[in-house]
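Asks: Below you'll find the structure I mean.
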Amino acid sequence: MHGAFLFWIVLTLLVILFAIVLSARWRDGR
Amino acid sequence: MILLISVFFGCMLAIAHYGHIKTGRGAEEYYIAGRRVGGLVSALTYSATTYSAFMMVGLVGFVYAGGVAALGFELTYLIGTALLLLIFAPRFLLAGRKWGYLTPTELLRDRYQSTLIGVIATLMCLIFLIPYISIQAQGAGYLMNTLTGGGIPYEAGLMFILVVIAFCAWWGGLRGVAWSDAAQAFVMMLTSVVLLFFVVYSFLGGWGNFFSTLEGSYPELLTTPGPGGFFNFSKFIGLTIPWFFFALSNPQVAQRLFISKSIGAAKNMIRGFLVFGFIYTVICVLLGLMTRMLYLDLAKPDLAMPTLLAEVPTVLALVVMLGILAAAVTTADSIILSLSSMVGRDIYRVSRRKTTEKGELILGRIVIVALAAIVAFFAWRPLGMIVELAVASSAGLLVLVPSFIGAFFWRRASAAGSISSIIVGGIVVGTLYFSKIYPLGQWPGVWGIIFSTAIFISVSLLTKPPPKADEFLSHLREELGKRGIP
């Protein structure tokens with residue numbers, strides 16, 4: 001596939017992965 | 001045909017009714033389901049609310065006209081929302097629990113200790129979101145009219161869909177809306193997937209053939225600025241910036257940050273939404289590319305999806321139409337419910353008269369009916385291109401963003417800063433949109449965010465922050481720390 005297409009797909013997947021990893025540390029208090 | 005539509009929406013009304021039965025007394029129950037919604041339903045209602053009929057009609061048209069840049073535009077929205085939800089979802093949730101906020105505007109009002117902010121922000125949302133709901137209702141009316149070959153007159157379709165929208169909000173409350181949203185989110189996803197596979201295998205000879213033809217014969221669709229320079233840089237920025245901040249600026253989605261039953265549920269809401277959003281976006285973009293390969297010379301990009309639906313088997317077209325109608329209904333009923341909660345909470349409850357929660361709920365229901373009537377009035381007359389009108393509303397609401405960011409991250413942020421930034425920013429965006437002036441080639445939303453941010457910062461620095469600021473920020477810092485949230 002062409003660069004621009006892949007760029008957006010990969011960038012978004014990286015951000016989604018980042019969100020999943022970062023929120024994995026969240027826990028309910030008390 | 002008419003039977004299918006009736007059965008489908010009959011089911012949705014039944015779900016809304018079930019939501020009504022399960023809803024307890026009081027505004028917190030009615031407007032945010034008592035803050036007890038689980039992760040899956042939160043994710044689905046968030047997805048269905050944020051993704052409107054724009055996706056399968058407007059975005060497909062955008063890809064038809066602009067190629068891969070439209071993918072960048074829509075995925076920038078998803079990236080922005082991912083980042084905003086990571087930052088603001090737990091903050092809204094915890095602040096809402098501590099101080100009992102029902103609406104995003106109530107959060108602003110309390111944090112800045114100014115009833116005027118709640119009133120102005122609510123009016124701003126009414127001004128910009130009524131056109132947005134009108135577009136959804138109008139699109140639904142046209143779609144039913146076109147696909148039944150005129151069997152359902154436009155006005156009848158419009159009124160039918162508005163009755164469904166108003167009923168779900170009025171009778172079901174947030175619980176009814178959220179559950180019917182969840183069911184319709186499945187329909188939106190399923191119907192788009194079925195259409196995608198049908199088109200690939202029936203019209204384009206399979207995936208391999210689709211991609212090779214795309215690369216070989218339509219390379220301009222895979223480059224920016226797209227066919228005929230459709231997506232130049234300032235258009236891309238002008239369309240993208242308002243959508244990047246959509247999760248904060250639009251009350252119907254921001255209000256959903258109060259509804260999760262726990263931090264764990266909020267986490268699952270974010271994850272579920274991101275997965276849904278990514279898949280749904282890619283499907284709509286692929287459909288857009290396919291329509292360009294199938295029909296080269298449509299009069300308007302928005303005709304891409306209706307043209308495609310006219311060529312697939314009738315049953316499939318009907319089912320896909322239900323998916324698009326579902327997307328319109330889920331967005332519109334959520335907006336109407338949010339707006340009614342804001343009028344009740346941020347205008348009525350802060351008025352000088354003695355007010356009650358019962359009165360707030362009665363007024364809220366009257367507002368739902370009134371909004372449906374206003375939308376009917378606006379949608380009766382034809383409006384311009386779907387995408388640009390939808391973006392006009394998110395550009396207008398963009399001026400609320402500095403106030404939300406300041407509320408959580410800047411102790412010095414003041415009520416005067418917030419009020420002046422919303423008013424001046426709103427006037428700037430409105431004036432530029434109506435006069436169609438694009439200074440330095442930049443779109444109204446870009447100027448709106450620049451002006452409102454500059455005014456928010458400078459006026460805040462010149463005025464005193466409210467005493468609540470310290471309590472608000474230190475409480476949240478402590479609570480976030482306990483939960484491992486940066």
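Labels used: A, B, ... for chains in the order of the structure tokens, numbers from 1 for residues in each chain, and numbers from 1 for ligands as shown.
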Kindly determine which residues of chain A lie within 7 Å of chain B, considering only C-alpha atoms, and give the answer as a list of chain:residue names.

Replies: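 My answer is A:His2, A:Ala4, A:Phe5, A:Trp8, A:Thr12, A:Val15, A:Ile16, A:Ala19, A:Ile20, A:Ser23, A:Arg25, A:Trp26, A:Arg27, A:Asp28, A:Gly29.
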
Asks: If we count only C-alpha atoms and set the cut-off at 7 Å, which residues sit around range 333-343 of chain B, ignoring sequence neighbours fewer than 4 positions away in its own chain? Please answer as a ChimeraX atom specification.

Replies: /B:31,49,103,122,126,165-166,168-169,177,251-252,329,347-348,364,367-368,371

Asks: Take the residues just selected and output them with C-alpha atoms as a short mmCIF file (atom, residue, chain, number, x, y, z; two decimals), in the first residue's frame.

Replies:
```cif
data_model
loop_
_atom_site.label_atom_id
_atom_site.label_comp_id
_atom_site.auth_asym_id
_atom_site.auth_seq_id
_atom_site.Cartn_x
_atom_site.Cartn_y
_atom_site.Cartn_z
CA TYR B 31 -29.42 12.14 32.81
CA THR B 49 -23.03 8.97 19.86
CA THR B 103 -23.24 18.18 32.77
CA THR B 122 -25.21 26.14 27.35
CA LEU B 126 -27.69 25.16 21.74
CA ILE B 165 -35.18 10.52 18.63
CA ALA B 166 -37.37 12.52 20.99
CA CYS B 168 -35.71 7.69 23.21
CA ALA B 169 -34.43 10.79 24.99
CA VAL B 177 -30.50 6.11 25.17
CA PRO B 251 -21.29 18.04 25.58
CA GLN B 252 -23.03 14.87 24.38
CA VAL B 329 -30.62 8.53 15.71
CA ILE B 347 -29.93 27.72 33.28
CA TYR B 348 -33.07 26.77 35.24
CA GLY B 364 -35.81 19.05 30.70
CA VAL B 367 -36.88 21.12 26.25
CA ILE B 368 -36.57 17.74 24.51
CA LEU B 371 -35.73 20.93 20.47
#
```

Asks: So that I can see what lies close to range 137-152 of chain B, please list as a list in words the residues with an atom at most 7 Å from it, counting only C-alpha atoms and leaving out residues fewer than 5 positions away in the same chain.

Replies: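 Neighbouring residues, sequence-local ones excluded: Gly157, Leu158, Ile161, Leu162, Leu325, Ala328 and Ala379 of chain B.
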
Asks: Rounded to one decimal place, report the CA of Leu363 in chain B-CA of Ile32 in chain B distance in Å.

Replies: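 Computed distance, CA of Leu363 in chain B to CA of Ile32 in chain B, equals 16.7 Å.
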
Asks: Using DSSP on the backbone coordinates, identify all residues within chain A classified as alpha helix (DSSP H); present the result as a ChimeraX atom specification.

Replies: /A:3-23

Asks: Could you save those same residues with N, CA, C and O atoms as a PDB file, in the first residue's frame?

Replies:
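Final output, saved to result23.pdb:
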```pdb
ATOM      1  N   GLY A   3       2.390   4.991   0.937  1.00  0.00           N
ATOM      2  CA  GLY A   3       2.929   5.538   2.181  1.00  0.00           C
ATOM      3  C   GLY A   3       1.939   6.288   3.046  1.00  0.00           C
ATOM      4  O   GLY A   3       1.872   6.061   4.253  1.00  0.00           O
ATOM      5  N   ALA A   4       1.162   7.193   2.430  1.00  0.00           N
ATOM      6  CA  ALA A   4       0.253   8.028   3.224  1.00  0.00           C
ATOM      7  C   ALA A   4      -0.786   7.171   3.942  1.00  0.00           C
ATOM      8  O   ALA A   4      -1.116   7.398   5.106  1.00  0.00           O
ATOM      9  N   PHE A   5      -1.277   6.164   3.241  1.00  0.00           N
ATOM     10  CA  PHE A   5      -2.273   5.256   3.821  1.00  0.00           C
ATOM     11  C   PHE A   5      -1.676   4.541   5.037  1.00  0.00           C
ATOM     12  O   PHE A   5      -2.242   4.550   6.128  1.00  0.00           O
ATOM     13  N   LEU A   6      -0.498   3.959   4.810  1.00  0.00           N
ATOM     14  CA  LEU A   6       0.152   3.218   5.896  1.00  0.00           C
ATOM     15  C   LEU A   6       0.515   4.119   7.058  1.00  0.00           C
ATOM     16  O   LEU A   6       0.391   3.744   8.225  1.00  0.00           O
ATOM     17  N   PHE A   7       0.963   5.321   6.736  1.00  0.00           N
ATOM     18  CA  PHE A   7       1.360   6.265   7.779  1.00  0.00           C
ATOM     19  C   PHE A   7       0.222   6.498   8.777  1.00  0.00           C
ATOM     20  O   PHE A   7       0.401   6.380   9.986  1.00  0.00           O
ATOM     21  N   TRP A   8      -0.961   6.797   8.246  1.00  0.00           N
ATOM     22  CA  TRP A   8      -2.095   7.100   9.135  1.00  0.00           C
ATOM     23  C   TRP A   8      -2.535   5.878   9.928  1.00  0.00           C
ATOM     24  O   TRP A   8      -2.858   5.968  11.114  1.00  0.00           O
ATOM     25  N   ILE A   9      -2.544   4.736   9.240  1.00  0.00           N
ATOM     26  CA  ILE A   9      -2.970   3.506   9.930  1.00  0.00           C
ATOM     27  C   ILE A   9      -2.001   3.172  11.063  1.00  0.00           C
ATOM     28  O   ILE A   9      -2.419   2.921  12.202  1.00  0.00           O
ATOM     29  N   VAL A  10      -0.700   3.196  10.748  1.00  0.00           N
ATOM     30  CA  VAL A  10       0.292   2.810  11.755  1.00  0.00           C
ATOM     31  C   VAL A  10       0.319   3.812  12.905  1.00  0.00           C
ATOM     32  O   VAL A  10       0.344   3.432  14.083  1.00  0.00           O
ATOM     33  N   LEU A  11       0.251   5.106  12.571  1.00  0.00           N
ATOM     34  CA  LEU A  11       0.264   6.137  13.615  1.00  0.00           C
ATOM     35  C   LEU A  11      -0.923   5.946  14.573  1.00  0.00           C
ATOM     36  O   LEU A  11      -0.769   5.976  15.797  1.00  0.00           O
ATOM     37  N   THR A  12      -2.098   5.716  14.008  1.00  0.00           N
ATOM     38  CA  THR A  12      -3.289   5.545  14.849  1.00  0.00           C
ATOM     39  C   THR A  12      -3.169   4.298  15.713  1.00  0.00           C
ATOM     40  O   THR A  12      -3.496   4.321  16.906  1.00  0.00           O
ATOM     41  N   LEU A  13      -2.686   3.212  15.106  1.00  0.00           N
ATOM     42  CA  LEU A  13      -2.548   1.980  15.896  1.00  0.00           C
ATOM     43  C   LEU A  13      -1.556   2.182  17.043  1.00  0.00           C
ATOM     44  O   LEU A  13      -1.762   1.677  18.148  1.00  0.00           O
ATOM     45  N   LEU A  14      -0.504   2.942  16.786  1.00  0.00           N
ATOM     46  CA  LEU A  14       0.476   3.202  17.852  1.00  0.00           C
ATOM     47  C   LEU A  14      -0.166   4.002  18.986  1.00  0.00           C
ATOM     48  O   LEU A  14       0.053   3.722  20.166  1.00  0.00           O
ATOM     49  N   VAL A  15      -0.985   4.996  18.625  1.00  0.00           N
ATOM     50  CA  VAL A  15      -1.649   5.807  19.665  1.00  0.00           C
ATOM     51  C   VAL A  15      -2.635   4.947  20.457  1.00  0.00           C
ATOM     52  O   VAL A  15      -2.720   5.045  21.691  1.00  0.00           O
ATOM     53  N   ILE A  16      -3.372   4.074  19.755  1.00  0.00           N
ATOM     54  CA  ILE A  16      -4.323   3.191  20.452  1.00  0.00           C
ATOM     55  C   ILE A  16      -3.566   2.270  21.414  1.00  0.00           C
ATOM     56  O   ILE A  16      -3.956   2.081  22.568  1.00  0.00           O
ATOM     57  N   LEU A  17      -2.444   1.739  20.935  1.00  0.00           N
ATOM     58  CA  LEU A  17      -1.614   0.867  21.774  1.00  0.00           C
ATOM     59  C   LEU A  17      -1.126   1.632  23.005  1.00  0.00           C
ATOM     60  O   LEU A  17      -1.169   1.143  24.135  1.00  0.00           O
ATOM     61  N   PHE A  18      -0.698   2.863  22.775  1.00  0.00           N
ATOM     62  CA  PHE A  18      -0.231   3.732  23.856  1.00  0.00           C
ATOM     63  C   PHE A  18      -1.347   3.922  24.888  1.00  0.00           C
ATOM     64  O   PHE A  18      -1.120   3.824  26.104  1.00  0.00           O
ATOM     65  N   ALA A  19      -2.561   4.172  24.391  1.00  0.00           N
ATOM     66  CA  ALA A  19      -3.692   4.388  25.295  1.00  0.00           C
ATOM     67  C   ALA A  19      -3.977   3.133  26.113  1.00  0.00           C
ATOM     68  O   ALA A  19      -4.247   3.206  27.315  1.00  0.00           O
ATOM     69  N   ILE A  20      -3.910   1.992  25.457  1.00  0.00           N
ATOM     70  CA  ILE A  20      -4.191   0.738  26.161  1.00  0.00           C
ATOM     71  C   ILE A  20      -3.132   0.466  27.223  1.00  0.00           C
ATOM     72  O   ILE A  20      -3.440   0.111  28.360  1.00  0.00           O
ATOM     73  N   VAL A  21      -1.878   0.675  26.860  1.00  0.00           N
ATOM     74  CA  VAL A  21      -0.786   0.406  27.801  1.00  0.00           C
ATOM     75  C   VAL A  21      -0.838   1.384  28.973  1.00  0.00           C
ATOM     76  O   VAL A  21      -0.738   0.989  30.140  1.00  0.00           O
ATOM     77  N   LEU A  22      -1.037   2.666  28.658  1.00  0.00           N
ATOM     78  CA  LEU A  22      -1.025   3.667  29.725  1.00  0.00           C
ATOM     79  C   LEU A  22      -2.185   3.462  30.702  1.00  0.00           C
ATOM     80  O   LEU A  22      -2.031   3.595  31.911  1.00  0.00           O
ATOM     81  N   SER A  23      -3.370   3.111  30.150  1.00  0.00           N
ATOM     82  CA  SER A  23      -4.525   2.955  31.034  1.00  0.00           C
ATOM     83  C   SER A  23      -4.489   1.633  31.793  1.00  0.00           C
ATOM     84  O   SER A  23      -5.261   1.434  32.732  1.00  0.00           O
TER      85      SER A  23
END
```

Asks: Just give me the gap between CA of Asp181 in chain B and CA of Glu357 in chain B in Å, one decimal is fine.

Replies: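 Computing the Euclidean distance for CA of Asp181 in chain B and CA of Glu357 in chain B yields 26.3 Å.
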
Asks: Determine the nearest neighbour of Gly359 in chain B from the options B:Gly118, B:Gly344, B:Gly34, B:Pro439, counting only C-alpha atoms.

Replies: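 Counting only C-alpha atoms, the residue closest to Gly359 in chain B is B:Gly344.
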
Asks: Residues near Ala247 in chain B, anyone? I mean within 8 Å using only C-alpha atoms, not counting same-chain ones fewer than 4 positions away, as a list of chain:residue names.

Replies: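 Everything that qualifies: B:Thr81, B:Leu84, B:Leu85, B:Val253, B:Ala254.
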
Asks: Would you list the contacts of Ala53 in chain B as a PyMOL selection string, taking every protein, DNA or RNA residue within 6 Å and counting only C-alpha atoms, but skipping same-chain residues closer than 3 positions in sequence?

Replies: chain B and resi 56+324+327-328

Asks: Filtering to C-alpha atoms, could you give me those residues as a CSV table (one decimal), in the first residue's frame?

Replies:
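Okay, this is what ended up in result_0.csv:
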```csv
chain,number,residue,atom,x,y,z
B,56,MET,CA,-21.3,6.4,6.0
B,324,ILE,CA,-27.0,4.8,8.7
B,327,ALA,CA,-26.0,6.3,13.4
B,328,ALA,CA,-28.2,9.4,13.0
```
